[in-house]
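Quick look at my_file-v2.txt (compact mmCIF, N, CA and C atoms):
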# COMPACT_ATOMS: atom_id res chain seq x y z
N MET A 200 -4.31 -12.74 28.35
CA MET A 200 -5.10 -11.63 28.83
C MET A 200 -4.17 -10.54 29.37
N PRO A 201 -4.23 -9.36 28.78
CA PRO A 201 -3.35 -8.29 29.26
C PRO A 201 -3.70 -7.82 30.67
N GLY A 202 -4.96 -7.85 31.05
CA GLY A 202 -5.36 -7.44 32.40
C GLY A 202 -4.80 -8.35 33.46
N THR A 203 -4.76 -9.63 33.16
CA THR A 203 -4.22 -10.61 34.09
C THR A 203 -2.73 -10.37 34.30
N THR A 204 -2.02 -10.10 33.23
CA THR A 204 -0.59 -9.85 33.32
C THR A 204 -0.32 -8.61 34.16
N ILE A 205 -1.12 -7.58 34.00
CA ILE A 205 -0.94 -6.35 34.75
C ILE A 205 -1.13 -6.60 36.24
N VAL A 206 -2.16 -7.37 36.60
CA VAL A 206 -2.41 -7.68 38.01
C VAL A 206 -1.26 -8.46 38.60
N ILE A 207 -0.74 -9.44 37.87
CA ILE A 207 0.38 -10.25 38.36
C ILE A 207 1.61 -9.39 38.55
N VAL A 208 1.90 -8.53 37.60
CA VAL A 208 3.09 -7.66 37.70
C VAL A 208 2.94 -6.68 38.87
N ILE A 209 1.76 -6.13 39.06
CA ILE A 209 1.54 -5.21 40.18
C ILE A 209 1.74 -5.93 41.51
N LEU A 210 1.22 -7.15 41.64
CA LEU A 210 1.40 -7.90 42.87
C LEU A 210 2.88 -8.25 43.11
N LEU A 211 3.60 -8.58 42.05
CA LEU A 211 5.03 -8.86 42.21
C LEU A 211 5.80 -7.62 42.63
N ILE A 212 5.45 -6.46 42.07
CA ILE A 212 6.09 -5.21 42.48
C ILE A 212 5.77 -4.90 43.94
N MET A 213 4.52 -5.13 44.33
CA MET A 213 4.15 -4.91 45.73
C MET A 213 4.95 -5.82 46.66
N MET A 214 5.19 -7.06 46.24
CA MET A 214 5.99 -7.97 47.05
C MET A 214 7.42 -7.46 47.20
N LEU A 215 8.00 -6.97 46.12
CA LEU A 215 9.36 -6.44 46.19
C LEU A 215 9.44 -5.19 47.07
N VAL A 216 8.47 -4.31 46.95
CA VAL A 216 8.45 -3.11 47.79
C VAL A 216 8.35 -3.50 49.26
N SER A 217 7.50 -4.45 49.56
CA SER A 217 7.34 -4.90 50.94
C SER A 217 8.63 -5.54 51.45
N LEU A 218 9.28 -6.32 50.62
CA LEU A 218 10.52 -6.98 51.02
C LEU A 218 11.62 -5.95 51.31
N PHE A 219 11.77 -4.97 50.43
CA PHE A 219 12.81 -3.96 50.65
C PHE A 219 12.46 -3.01 51.78
N SER A 220 11.17 -2.77 52.02
CA SER A 220 10.81 -1.95 53.18
C SER A 220 11.11 -2.71 54.47
N ALA A 221 10.94 -4.02 54.47
CA ALA A 221 11.30 -4.81 55.65
C ALA A 221 12.80 -4.73 55.89
N LEU A 222 13.59 -4.77 54.83
CA LEU A 222 15.04 -4.63 54.97
C LEU A 222 15.39 -3.26 55.53
N TRP A 223 14.74 -2.22 55.03
CA TRP A 223 14.98 -0.86 55.52
C TRP A 223 14.62 -0.75 57.00
N PHE A 224 13.45 -1.27 57.37
CA PHE A 224 13.02 -1.19 58.77
C PHE A 224 13.95 -2.00 59.67
N MET A 225 14.47 -3.10 59.16
CA MET A 225 15.36 -3.93 59.96
C MET A 225 16.63 -3.15 60.32
N PHE A 226 17.18 -2.41 59.36
CA PHE A 226 18.39 -1.64 59.64
C PHE A 226 18.07 -0.38 60.45
N LYS A 227 16.94 0.25 60.16
CA LYS A 227 16.60 1.50 60.84
C LYS A 227 16.20 1.28 62.29
N ASP A 228 15.41 0.25 62.57
CA ASP A 228 14.91 0.02 63.93
C ASP A 228 15.90 -0.75 64.80
N ARG A 229 16.86 -1.40 64.18
CA ARG A 229 17.89 -2.19 64.88
C ARG A 229 17.27 -3.25 65.81
N GLY A 230 16.20 -3.88 65.32
CA GLY A 230 15.60 -4.99 66.07
C GLY A 230 14.69 -4.57 67.20
N GLN A 231 14.39 -3.28 67.34
CA GLN A 231 13.58 -2.81 68.45
C GLN A 231 12.10 -2.65 68.10
N GLY A 232 11.76 -2.57 66.83
CA GLY A 232 10.37 -2.34 66.43
C GLY A 232 9.74 -3.57 65.81
N THR A 233 8.47 -3.42 65.47
CA THR A 233 7.74 -4.52 64.85
C THR A 233 7.46 -4.25 63.37
N ARG A 234 8.01 -3.15 62.85
CA ARG A 234 7.72 -2.81 61.45
C ARG A 234 8.28 -3.84 60.47
N THR A 235 9.40 -4.46 60.80
CA THR A 235 9.97 -5.48 59.91
C THR A 235 9.03 -6.68 59.80
N VAL A 236 8.52 -7.11 60.92
CA VAL A 236 7.60 -8.26 60.92
C VAL A 236 6.32 -7.92 60.17
N LYS A 237 5.82 -6.71 60.34
CA LYS A 237 4.60 -6.31 59.63
C LYS A 237 4.83 -6.28 58.13
N ALA A 238 5.99 -5.76 57.70
CA ALA A 238 6.29 -5.70 56.26
C ALA A 238 6.43 -7.11 55.68
N LEU A 239 7.05 -8.00 56.41
CA LEU A 239 7.18 -9.38 55.93
C LEU A 239 5.83 -10.10 55.93
N THR A 240 4.97 -9.76 56.88
CA THR A 240 3.62 -10.32 56.90
C THR A 240 2.85 -9.86 55.67
N TRP A 241 3.01 -8.60 55.29
CA TRP A 241 2.39 -8.11 54.06
C TRP A 241 2.89 -8.87 52.86
N ARG A 242 4.21 -9.13 52.81
CA ARG A 242 4.79 -9.84 51.67
C ARG A 242 4.21 -11.24 51.55
N VAL A 243 4.10 -11.94 52.67
CA VAL A 243 3.56 -13.30 52.65
C VAL A 243 2.08 -13.27 52.26
N SER A 244 1.35 -12.27 52.73
CA SER A 244 -0.07 -12.15 52.38
C SER A 244 -0.24 -11.89 50.88
N ILE A 245 0.60 -11.01 50.34
CA ILE A 245 0.53 -10.73 48.90
C ILE A 245 0.87 -11.99 48.11
N TRP A 246 1.86 -12.76 48.58
CA TRP A 246 2.21 -14.00 47.90
C TRP A 246 1.04 -14.97 47.90
N ALA A 247 0.34 -15.08 49.05
CA ALA A 247 -0.79 -16.00 49.14
C ALA A 247 -1.92 -15.58 48.19
N ILE A 248 -2.17 -14.27 48.10
CA ILE A 248 -3.19 -13.77 47.18
C ILE A 248 -2.79 -14.06 45.74
N LEU A 249 -1.53 -13.81 45.40
CA LEU A 249 -1.04 -14.07 44.05
C LEU A 249 -1.16 -15.56 43.71
N PHE A 250 -0.76 -16.42 44.62
CA PHE A 250 -0.84 -17.86 44.39
C PHE A 250 -2.29 -18.30 44.19
N LEU A 251 -3.18 -17.78 45.03
CA LEU A 251 -4.60 -18.13 44.91
C LEU A 251 -5.17 -17.66 43.58
N LEU A 252 -4.81 -16.44 43.16
CA LEU A 252 -5.29 -15.94 41.88
C LEU A 252 -4.75 -16.76 40.71
N LEU A 253 -3.49 -17.18 40.79
CA LEU A 253 -2.94 -18.02 39.72
C LEU A 253 -3.63 -19.37 39.64
N VAL A 254 -3.89 -19.98 40.79
CA VAL A 254 -4.57 -21.28 40.80
C VAL A 254 -5.99 -21.15 40.26
N VAL A 255 -6.71 -20.13 40.71
CA VAL A 255 -8.09 -19.93 40.24
C VAL A 255 -8.08 -19.60 38.74
N GLY A 256 -7.13 -18.78 38.31
CA GLY A 256 -7.04 -18.44 36.89
C GLY A 256 -6.75 -19.64 36.01
N MET A 257 -5.88 -20.53 36.47
CA MET A 257 -5.60 -21.74 35.69
C MET A 257 -6.77 -22.71 35.72
N TYR A 258 -7.46 -22.79 36.86
CA TYR A 258 -8.60 -23.70 36.99
C TYR A 258 -9.76 -23.26 36.09
N THR A 259 -9.98 -21.94 36.01
CA THR A 259 -11.09 -21.44 35.20
C THR A 259 -10.72 -21.28 33.73
N GLY A 260 -9.45 -21.39 33.39
CA GLY A 260 -9.03 -21.27 32.01
C GLY A 260 -8.67 -19.85 31.61
N LEU A 261 -8.72 -18.93 32.56
CA LEU A 261 -8.35 -17.54 32.27
C LEU A 261 -6.85 -17.43 31.99
N ILE A 262 -6.08 -18.24 32.67
CA ILE A 262 -4.62 -18.29 32.47
C ILE A 262 -4.28 -19.67 31.93
N THR A 263 -3.56 -19.72 30.83
CA THR A 263 -3.14 -21.00 30.28
C THR A 263 -1.62 -21.02 30.20
N PRO A 264 -1.02 -22.11 30.60
CA PRO A 264 0.45 -22.19 30.52
C PRO A 264 0.90 -22.24 29.06
N SER A 265 2.08 -21.69 28.83
CA SER A 265 2.60 -21.70 27.46
C SER A 265 3.23 -23.06 27.17
N ASN A 266 3.50 -23.32 25.92
CA ASN A 266 4.11 -24.58 25.51
C ASN A 266 5.61 -24.45 25.36
N SER A 267 6.21 -23.43 25.92
CA SER A 267 7.64 -23.18 25.72
C SER A 267 8.52 -24.22 26.41
N LEU A 268 8.00 -24.95 27.37
CA LEU A 268 8.81 -25.93 28.09
C LEU A 268 8.72 -27.34 27.49
N LYS A 269 7.83 -27.54 26.54
CA LYS A 269 7.69 -28.85 25.92
C LYS A 269 8.77 -29.03 24.85
N PRO A 270 9.31 -30.23 24.71
CA PRO A 270 10.32 -30.45 23.67
C PRO A 270 9.69 -30.35 22.29
N PRO A 271 10.45 -29.91 21.31
CA PRO A 271 9.89 -29.80 19.96
C PRO A 271 9.55 -31.19 19.39
N VAL A 272 8.52 -31.22 18.61
CA VAL A 272 8.06 -32.46 17.99
C VAL A 272 8.92 -32.70 16.74
N ALA A 273 9.47 -33.90 16.65
CA ALA A 273 10.32 -34.24 15.49
C ALA A 273 9.43 -34.50 14.28
N THR A 274 9.76 -33.87 13.17
CA THR A 274 9.02 -34.11 11.92
C THR A 274 9.87 -34.98 11.03
N PRO A 275 9.24 -35.89 10.29
CA PRO A 275 10.06 -36.74 9.41
C PRO A 275 10.73 -35.93 8.30
N ALA A 276 11.92 -36.34 7.98
CA ALA A 276 12.69 -35.65 6.93
C ALA A 276 12.11 -35.98 5.57
N ALA A 277 12.16 -35.02 4.66
CA ALA A 277 11.67 -35.22 3.31
C ALA A 277 12.66 -36.08 2.54
N PRO A 278 12.17 -36.98 1.67
CA PRO A 278 13.10 -37.83 0.90
C PRO A 278 13.96 -36.99 -0.05
N ALA A 279 15.20 -37.38 -0.18
CA ALA A 279 16.12 -36.62 -1.02
C ALA A 279 16.06 -36.99 -2.47
Show me this structure written as structure tokens.
Amino acid sequence: MPGTTIVIVILLIMMLVSLFSALWFMFKDRGQGTRTVKALTWRVSIWAILFLLLVVGMYTGLITPSNSLKPPVATPAAPA
């Protein structure tokens, strides 16, 4: 589903933005403000939403895992 992929990518980008904003606030505030904690709280909240959506998507069948991690099936060789 292309829509599902877009939502997952957007949430991952939001997580990265929140993580780097926390890093920025950490250096800018020098430990005096609460903006770093708020940005990290946003990141954890986005992660929880993403995890919940992935679990629900797999449970309902909207998201299916690929077979790329399964070993290839050996086929018998043709007689020479």
Would you please give, as a count of residues only, all residues of chain A that DSSP assigns to alpha helix (DSSP H) based on the backbone? 54
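Computed from the coordinates, the CA of Thr204 in chain A to atom C of Ala221 in chain A distance equals 26.7 Å.
Among A:Ala238, A:Val272, A:Ser265, A:Ser244, the residue with the shortest atom-to-atom distance to Leu218 in chain A, counting all atoms listed in the file, is A:Ala238.
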Item to complete: Tell me, in Å to one decimal, how far CA of Met225 in chain A is from atom C of Ile205 in chain A.
Response: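 Interatomic distance here is 29.0 Å.
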Using all atoms listed in the file, the residue out of A:Ala273, A:Pro278, A:Thr203, A:Ser217 with shortest distance to Thr240 in chain A is A:Ser217
Please put the answer as JSON: centre and edge lengths, in Å with one decimal, of a box along x, y and z that encloses all listed atoms of range 245-262 of chain A plus 4 Å on each side.
{"center_x": -4.4, "center_y": -17.2, "center_z": 41.0, "size_x": 21.3, "size_y": 21.0, "size_z": 26.7}
Selection: 12 Å around Ile209 in chain A, only C-alpha atoms, excl. self and same-chain fewer than 6 positions, as a CSV table (one decimal) with N, CA and C atoms, keeping the file's coordinate frame:
chain,number,residue,atom,x,y,z
A,202,GLY,N,-5.0,-7.8,31.0
A,202,GLY,CA,-5.4,-7.4,32.4
A,202,GLY,C,-4.8,-8.4,33.5
A,203,THR,N,-4.8,-9.6,33.2
A,203,THR,CA,-4.2,-10.6,34.1
A,203,THR,C,-2.7,-10.4,34.3
A,215,LEU,N,8.0,-7.0,46.1
A,215,LEU,CA,9.4,-6.4,46.2
A,215,LEU,C,9.4,-5.2,47.1
A,216,VAL,N,8.5,-4.3,47.0
A,216,VAL,CA,8.4,-3.1,47.8
A,216,VAL,C,8.4,-3.5,49.3
A,245,ILE,N,0.6,-11.0,50.3
A,245,ILE,CA,0.5,-10.7,48.9
A,245,ILE,C,0.9,-12.0,48.1
A,246,TRP,N,1.9,-12.8,48.6
A,246,TRP,CA,2.2,-14.0,47.9
A,246,TRP,C,1.0,-15.0,47.9
A,249,LEU,N,-1.5,-13.8,45.4
A,249,LEU,CA,-1.0,-14.1,44.0
A,249,LEU,C,-1.2,-15.6,43.7
Could you tell me how far atom N of Ile262 in chain A sits from atom C of Ala247 in chain A, in Å to one decimal place?
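Rounded to one decimal, the two atoms are 16.3 Å apart.
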Atoms are missing here; could range 206-217 of chain A be completed with all heavy atoms and written as a CSV table (one decimal), in the frame of the given file?
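Wrote selection08.csv, looks like this:
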chain,number,residue,atom,x,y,z
A,206,VAL,N,-2.2,-7.4,36.6
A,206,VAL,CA,-2.4,-7.7,38.0
A,206,VAL,C,-1.3,-8.5,38.6
A,206,VAL,O,-0.8,-8.2,39.7
A,206,VAL,CB,-3.8,-8.4,38.2
A,206,VAL,CG1,-3.9,-9.0,39.6
A,206,VAL,CG2,-4.9,-7.6,37.8
A,207,ILE,N,-0.7,-9.4,37.9
A,207,ILE,CA,0.4,-10.2,38.4
A,207,ILE,C,1.6,-9.4,38.6
A,207,ILE,O,2.3,-9.5,39.6
A,207,ILE,CB,0.6,-11.4,37.4
A,207,ILE,CG1,-0.5,-12.4,37.5
A,207,ILE,CG2,2.0,-12.1,37.7
A,207,ILE,CD1,-0.5,-13.5,36.4
A,208,VAL,N,1.9,-8.5,37.6
A,208,VAL,CA,3.1,-7.7,37.7
A,208,VAL,C,2.9,-6.7,38.9
A,208,VAL,O,3.9,-6.5,39.6
A,208,VAL,CB,3.3,-6.9,36.4
A,208,VAL,CG1,4.4,-5.8,36.5
A,208,VAL,CG2,3.7,-7.9,35.3
A,209,ILE,N,1.8,-6.1,39.1
A,209,ILE,CA,1.5,-5.2,40.2
A,209,ILE,C,1.7,-5.9,41.5
A,209,ILE,O,2.4,-5.4,42.4
A,209,ILE,CB,0.1,-4.6,40.1
A,209,ILE,CG1,0.1,-3.6,39.0
A,209,ILE,CG2,-0.3,-3.9,41.4
A,209,ILE,CD1,-1.3,-3.0,38.7
A,210,LEU,N,1.2,-7.2,41.6
A,210,LEU,CA,1.4,-7.9,42.9
A,210,LEU,C,2.9,-8.2,43.1
A,210,LEU,O,3.4,-8.2,44.2
A,210,LEU,CB,0.5,-9.2,42.9
A,210,LEU,CG,-1.0,-8.9,43.1
A,210,LEU,CD1,-1.7,-10.2,42.8
A,210,LEU,CD2,-1.2,-8.4,44.4
A,211,LEU,N,3.6,-8.6,42.0
A,211,LEU,CA,5.0,-8.9,42.2
A,211,LEU,C,5.8,-7.6,42.6
A,211,LEU,O,6.7,-7.7,43.5
A,211,LEU,CB,5.6,-9.4,40.9
A,211,LEU,CG,5.2,-10.9,40.6
A,211,LEU,CD1,5.7,-11.3,39.2
A,211,LEU,CD2,5.7,-11.8,41.6
A,212,ILE,N,5.4,-6.5,42.1
A,212,ILE,CA,6.1,-5.2,42.5
A,212,ILE,C,5.8,-4.9,43.9
A,212,ILE,O,6.6,-4.5,44.7
A,212,ILE,CB,5.7,-4.1,41.5
A,212,ILE,CG1,6.3,-4.3,40.2
A,212,ILE,CG2,6.1,-2.7,42.1
A,212,ILE,CD1,5.8,-3.3,39.1
A,213,MET,N,4.5,-5.1,44.3
A,213,MET,CA,4.2,-4.9,45.7
A,213,MET,C,5.0,-5.8,46.7
A,213,MET,O,5.3,-5.4,47.8
A,213,MET,CB,2.6,-5.1,45.9
A,213,MET,CG,1.8,-4.1,45.3
A,213,MET,SD,0.0,-4.4,45.4
A,213,MET,CE,-0.3,-4.6,47.1
A,214,MET,N,5.2,-7.1,46.2
A,214,MET,CA,6.0,-8.0,47.0
A,214,MET,C,7.4,-7.5,47.2
A,214,MET,O,8.0,-7.5,48.3
A,214,MET,CB,6.0,-9.4,46.4
A,214,MET,CG,4.8,-10.2,46.6
A,214,MET,SD,4.8,-11.8,45.8
A,214,MET,CE,6.2,-12.5,46.5
A,215,LEU,N,8.0,-7.0,46.1
A,215,LEU,CA,9.4,-6.4,46.2
A,215,LEU,C,9.4,-5.2,47.1
A,215,LEU,O,10.4,-5.0,47.9
A,215,LEU,CB,9.9,-6.1,44.8
A,215,LEU,CG,10.3,-7.3,43.9
A,215,LEU,CD1,10.6,-6.9,42.5
A,215,LEU,CD2,11.4,-8.1,44.6
A,216,VAL,N,8.5,-4.3,47.0
A,216,VAL,CA,8.4,-3.1,47.8
A,216,VAL,C,8.4,-3.5,49.3
A,216,VAL,O,9.1,-3.0,50.1
A,216,VAL,CB,7.3,-2.2,47.4
A,216,VAL,CG1,7.0,-1.1,48.4
A,216,VAL,CG2,7.6,-1.6,46.0
A,217,SER,N,7.5,-4.4,49.6
A,217,SER,CA,7.3,-4.9,50.9
A,217,SER,C,8.6,-5.5,51.4
A,217,SER,O,9.0,-5.3,52.6
A,217,SER,CB,6.2,-5.9,51.0
A,217,SER,OG,6.1,-6.4,52.3
